[in-house]
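One structure below.
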Amino acid sequence: MTLSAAEHISLTICLTISLEEVEVNETLVNLEFVAVPGFNKYYPPDYDGEQHKSLNAYRGKHALGDRARKLDKGILITRFELPFNIWCGTCNNHIGMGVRYNAEKKKVGSYYSTPIYSFRCKCHLCDGWFEIQTDPKNTRYVVVSGARQKDEEWNPEENGGFAIHDTEGNAGPADPLAALEKSTAAQNHVNKVQIPRLESLQEASDHYNSDPYALSSLARKRFRAEKKLDATKRAVDDKLKGRYGLPETLQLAAEDDGTKNEAREQWKKGRRDFEAQSSIRRARLYNSAAPALSISGRNGLSSLKARILGNTRRSNNVLEKGKPPDGQLDLK
């Protein structure tokens with residue numbers, strides 16, 4: 001059987017359309033049993049959003065899972081950590097602070113608007129149960145049954161300290177006259193101190209912020225003048241340091257009347273101190289040399305006298321030796 005070209009093209013188009021319809025149908029069928037990638041949840045074919053509202057309601061489960069198995073009794077399974085050390089009342093074993101249990105949490109009362117919760121835990125060392133409740137009035141936990149708490153409280157009043165709780169519990173009733181006097185004193189302080197201070201601050205703010213441009217121009221003008229003076233003084237100081245070979249890091253004093261007077265007073269004081277030290281030194285040298293001069297003076301006089309007598313005696317001896325006897329004059 002031979003087909004013409006037109007029949008062959010039409011047959012090919014029909015086969016293509018039928019294959020595409022089959023692929024689309026298979027995709028729709030697969031979407032009914034495959035999880036939607038965007039939500040990552042599986043919705044069964046018989047799931048009705050208006051009827052079931054959620055997948056948990058469709059499966060008959062709670063959002064908290066097994067933790068809510070006793071929720072109909074008002075009990076929620078939660079993780080509870082012991083706030084202090086206890087001894088189990090059943091096995092009498094010590095359980096340290098920080099041990100965690102899967103506790104049955106339920107509301108047992110209220111302190112004003114704050115609920116009181118009870119935590120019922122099973123001991124991990126035996127089959128006994130113990131219960132701990134919150135105490136909002138004293139901001140603490142208390143052991144109700146099944147265990148006993150280790151007493152680790154320390155009262156500073158019993159050990160020479162000061163109370164840290166209920167410091168105003170024993171205070172007497174408030175005195176209305178004292179409260180009135182206190183309020184009157186506070187009002188007087190406000191009228192005499194705080195209000196005038198605020199008014200003066202407001203006046204200063206108005207004064208400095210009335211014309212910002214003029215104030216800024218005046219400040220810049222003053223800064224430029226001070227900058228010129230500093231540059232001139234720096235040039236004079238550098239010239240003086242270069243003339244006398246002074247280090248560049250040396251800070252020279254300002255040349256004004258006050259500095260000159262202070263330098264003159266310091267010079268006079270140094271001069272007086274130097275003269276006083278010189279006089280003390282001269283007196284000390286004179287006192288130490290006076291005895292030696294007196295002793296040397298006496299010794300010098302006696303030695304001079306002895307030398308004179310010795311020279312006289314020696315000259316007389318020479319004359320006596322050189323004189324001829326009487327009658328024996330040499331008349332040559």
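Within each chain, counting starts at residue 1; across the structure tokens, chains are named A, B, ... in the order shown, with ligands numbered 1 upward in that order.
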Self-check item: Selection near Ala253 (chain A), 12 Å with only C-alpha atoms, sequence-local residues under 5 positions removed, as a PyMOL selection string
Solution: chain A and resi 233-234+236-237+258-260+262-263
Keeping only N, CA and C atoms, write those residues as a PDB file, in the first residue's frame.
ATOM      1  N   LYS A 233      55.784  83.944  65.025  1.00  0.00           N
ATOM      2  CA  LYS A 233      56.521  83.510  66.215  1.00  0.00           C
ATOM      3  C   LYS A 233      57.357  82.276  65.909  1.00  0.00           C
ATOM      4  N   ARG A 234      56.836  81.369  65.112  1.00  0.00           N
ATOM      5  CA  ARG A 234      57.588  80.173  64.763  1.00  0.00           C
ATOM      6  C   ARG A 234      58.830  80.526  63.948  1.00  0.00           C
ATOM      7  N   VAL A 236      60.525  83.404  64.063  1.00  0.00           N
ATOM      8  CA  VAL A 236      61.499  84.035  64.976  1.00  0.00           C
ATOM      9  C   VAL A 236      62.178  82.981  65.844  1.00  0.00           C
ATOM     10  N   ASP A 237      61.424  82.018  66.355  1.00  0.00           N
ATOM     11  CA  ASP A 237      62.007  80.964  67.195  1.00  0.00           C
ATOM     12  C   ASP A 237      62.989  80.111  66.401  1.00  0.00           C
ATOM     13  N   GLY A 258      55.023  89.325  81.378  1.00  0.00           N
ATOM     14  CA  GLY A 258      54.969  88.337  82.450  1.00  0.00           C
ATOM     15  C   GLY A 258      56.156  87.392  82.406  1.00  0.00           C
ATOM     16  N   THR A 259      56.499  86.901  81.217  1.00  0.00           N
ATOM     17  CA  THR A 259      57.629  85.986  81.083  1.00  0.00           C
ATOM     18  C   THR A 259      58.945  86.686  81.427  1.00  0.00           C
ATOM     19  N   LYS A 260      59.096  87.961  80.984  1.00  0.00           N
ATOM     20  CA  LYS A 260      60.319  88.703  81.300  1.00  0.00           C
ATOM     21  C   LYS A 260      60.463  88.904  82.802  1.00  0.00           C
ATOM     22  N   GLU A 262      59.162  87.129  85.177  1.00  0.00           N
ATOM     23  CA  GLU A 262      59.433  85.835  85.803  1.00  0.00           C
ATOM     24  C   GLU A 262      60.893  85.432  85.598  1.00  0.00           C
ATOM     25  N   ALA A 263      61.425  85.644  84.377  1.00  0.00           N
ATOM     26  CA  ALA A 263      62.828  85.306  84.120  1.00  0.00           C
ATOM     27  C   ALA A 263      63.773  86.183  84.942  1.00  0.00           C
TER      28      ALA A 263
END
Exercise. Give the helix (DSSP H, G or I) residues of region 129-278 of chain A, as assigned by DSSP on the backbone, as number ranges by chain.
Key: A: 156-159, 176-209, 212-244, 257-278
Could you write out that same residue set with C-alpha atoms as a PDB file, in the first residue's frame?
ATOM      1  CA  PRO A 156      23.568  37.650 104.550  1.00  0.00           C
ATOM      2  CA  GLU A 157      21.855  38.998 107.691  1.00  0.00           C
ATOM      3  CA  GLU A 158      22.861  35.895 109.640  1.00  0.00           C
ATOM      4  CA  ASN A 159      26.485  36.332 108.547  1.00  0.00           C
ATOM      5  CA  PRO A 176       1.488  62.432 104.356  1.00  0.00           C
ATOM      6  CA  LEU A 177       3.113  65.564 105.797  1.00  0.00           C
ATOM      7  CA  ALA A 178       6.573  64.289 104.865  1.00  0.00           C
ATOM      8  CA  ALA A 179       5.363  63.467 101.360  1.00  0.00           C
ATOM      9  CA  LEU A 180       3.855  66.946 101.059  1.00  0.00           C
ATOM     10  CA  GLU A 181       7.062  68.556 102.307  1.00  0.00           C
ATOM     11  CA  LYS A 182       9.090  66.509  99.849  1.00  0.00           C
ATOM     12  CA  SER A 183       6.856  67.509  96.955  1.00  0.00           C
ATOM     13  CA  THR A 184       7.002  71.173  98.036  1.00  0.00           C
ATOM     14  CA  ALA A 185      10.809  71.077  98.227  1.00  0.00           C
ATOM     15  CA  ALA A 186      10.952  69.475  94.779  1.00  0.00           C
ATOM     16  CA  GLN A 187       8.667  72.156  93.355  1.00  0.00           C
ATOM     17  CA  ASN A 188      10.797  74.913  94.906  1.00  0.00           C
ATOM     18  CA  HIS A 189      13.922  73.329  93.441  1.00  0.00           C
ATOM     19  CA  VAL A 190      12.279  73.285  90.037  1.00  0.00           C
ATOM     20  CA  ASN A 191      11.195  76.931  90.261  1.00  0.00           C
ATOM     21  CA  LYS A 192      14.434  78.319  91.715  1.00  0.00           C
ATOM     22  CA  VAL A 193      17.128  76.153  90.111  1.00  0.00           C
ATOM     23  CA  GLN A 194      16.006  74.144  87.124  1.00  0.00           C
ATOM     24  CA  ILE A 195      13.793  76.698  85.353  1.00  0.00           C
ATOM     25  CA  PRO A 196      16.351  79.578  85.571  1.00  0.00           C
ATOM     26  CA  ARG A 197      19.054  77.212  84.371  1.00  0.00           C
ATOM     27  CA  LEU A 198      16.967  76.156  81.382  1.00  0.00           C
ATOM     28  CA  GLU A 199      16.157  79.785  80.579  1.00  0.00           C
ATOM     29  CA  SER A 200      19.850  80.759  80.674  1.00  0.00           C
ATOM     30  CA  LEU A 201      20.724  77.840  78.396  1.00  0.00           C
ATOM     31  CA  GLN A 202      17.963  78.854  76.007  1.00  0.00           C
ATOM     32  CA  GLU A 203      19.221  82.463  75.943  1.00  0.00           C
ATOM     33  CA  ALA A 204      22.779  81.282  75.249  1.00  0.00           C
ATOM     34  CA  SER A 205      21.512  79.049  72.462  1.00  0.00           C
ATOM     35  CA  ASP A 206      19.529  81.908  70.916  1.00  0.00           C
ATOM     36  CA  HIS A 207      22.531  84.208  71.159  1.00  0.00           C
ATOM     37  CA  TYR A 208      24.941  81.839  69.420  1.00  0.00           C
ATOM     38  CA  ASN A 209      22.442  80.594  66.844  1.00  0.00           C
ATOM     39  CA  PRO A 212      25.306  81.577  62.159  1.00  0.00           C
ATOM     40  CA  TYR A 213      26.968  83.187  59.127  1.00  0.00           C
ATOM     41  CA  ALA A 214      28.189  86.262  61.040  1.00  0.00           C
ATOM     42  CA  LEU A 215      29.435  84.127  63.942  1.00  0.00           C
ATOM     43  CA  SER A 216      31.231  81.779  61.549  1.00  0.00           C
ATOM     44  CA  SER A 217      32.861  84.711  59.723  1.00  0.00           C
ATOM     45  CA  LEU A 218      34.047  86.216  63.017  1.00  0.00           C
ATOM     46  CA  ALA A 219      35.469  82.889  64.158  1.00  0.00           C
ATOM     47  CA  ARG A 220      37.310  82.341  60.856  1.00  0.00           C
ATOM     48  CA  LYS A 221      38.740  85.906  60.994  1.00  0.00           C
ATOM     49  CA  ARG A 222      40.033  85.334  64.516  1.00  0.00           C
ATOM     50  CA  PHE A 223      41.516  81.975  63.536  1.00  0.00           C
ATOM     51  CA  ARG A 224      43.352  83.549  60.567  1.00  0.00           C
ATOM     52  CA  ALA A 225      44.853  86.268  62.778  1.00  0.00           C
ATOM     53  CA  GLU A 226      46.005  83.708  65.340  1.00  0.00           C
ATOM     54  CA  LYS A 227      47.469  81.577  62.567  1.00  0.00           C
ATOM     55  CA  LYS A 228      49.530  84.522  61.244  1.00  0.00           C
ATOM     56  CA  LEU A 229      50.825  85.304  64.734  1.00  0.00           C
ATOM     57  CA  ASP A 230      51.786  81.667  65.275  1.00  0.00           C
ATOM     58  CA  ALA A 231      53.620  81.568  61.923  1.00  0.00           C
ATOM     59  CA  THR A 232      55.575  84.779  62.769  1.00  0.00           C
ATOM     60  CA  LYS A 233      56.521  83.510  66.215  1.00  0.00           C
ATOM     61  CA  ARG A 234      57.588  80.173  64.763  1.00  0.00           C
ATOM     62  CA  ALA A 235      59.860  81.897  62.224  1.00  0.00           C
ATOM     63  CA  VAL A 236      61.499  84.035  64.976  1.00  0.00           C
ATOM     64  CA  ASP A 237      62.007  80.964  67.195  1.00  0.00           C
ATOM     65  CA  ASP A 238      63.558  78.988  64.340  1.00  0.00           C
ATOM     66  CA  LYS A 239      65.944  81.854  63.591  1.00  0.00           C
ATOM     67  CA  LEU A 240      66.980  82.068  67.241  1.00  0.00           C
ATOM     68  CA  LYS A 241      67.491  78.308  67.480  1.00  0.00           C
ATOM     69  CA  GLY A 242      69.609  78.329  64.332  1.00  0.00           C
ATOM     70  CA  ARG A 243      71.759  81.200  65.644  1.00  0.00           C
ATOM     71  CA  TYR A 244      72.597  79.516  68.957  1.00  0.00           C
ATOM     72  CA  ASP A 257      56.009  91.174  80.210  1.00  0.00           C
ATOM     73  CA  GLY A 258      54.969  88.337  82.450  1.00  0.00           C
ATOM     74  CA  THR A 259      57.629  85.986  81.083  1.00  0.00           C
ATOM     75  CA  LYS A 260      60.319  88.703  81.300  1.00  0.00           C
ATOM     76  CA  ASN A 261      59.450  89.506  84.920  1.00  0.00           C
ATOM     77  CA  GLU A 262      59.433  85.835  85.803  1.00  0.00           C
ATOM     78  CA  ALA A 263      62.828  85.306  84.120  1.00  0.00           C
ATOM     79  CA  ARG A 264      64.263  88.382  85.888  1.00  0.00           C
ATOM     80  CA  GLU A 265      63.066  87.106  89.268  1.00  0.00           C
ATOM     81  CA  GLN A 266      64.538  83.692  88.595  1.00  0.00           C
ATOM     82  CA  TRP A 267      67.878  85.300  87.605  1.00  0.00           C
ATOM     83  CA  LYS A 268      67.967  87.398  90.790  1.00  0.00           C
ATOM     84  CA  LYS A 269      67.143  84.385  92.895  1.00  0.00           C
ATOM     85  CA  GLY A 270      69.910  82.374  91.197  1.00  0.00           C
ATOM     86  CA  ARG A 271      72.364  85.245  91.743  1.00  0.00           C
ATOM     87  CA  ARG A 272      71.521  85.425  95.436  1.00  0.00           C
ATOM     88  CA  ASP A 273      71.877  81.673  95.811  1.00  0.00           C
ATOM     89  CA  PHE A 274      75.247  81.747  94.041  1.00  0.00           C
ATOM     90  CA  GLU A 275      76.570  84.588  96.235  1.00  0.00           C
ATOM     91  CA  ALA A 276      75.371  82.850  99.374  1.00  0.00           C
ATOM     92  CA  GLN A 277      77.058  79.602  98.351  1.00  0.00           C
ATOM     93  CA  SER A 278      80.283  81.480  97.456  1.00  0.00           C
TER      94      SER A 278
END
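Among the candidate residues A:Phe84, A:Tyr58, A:Trp154, A:Tyr112, the one lying nearest to Ile132 (chain A) is A:Phe84, with distances computed using only C-alpha atoms.
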Quiz item: Using only C-alpha atoms, which residue out of A:Asp211, A:Arg59, A:Gln51, A:His124 lies closest to His94 (chain A)?
Solution: A:His124
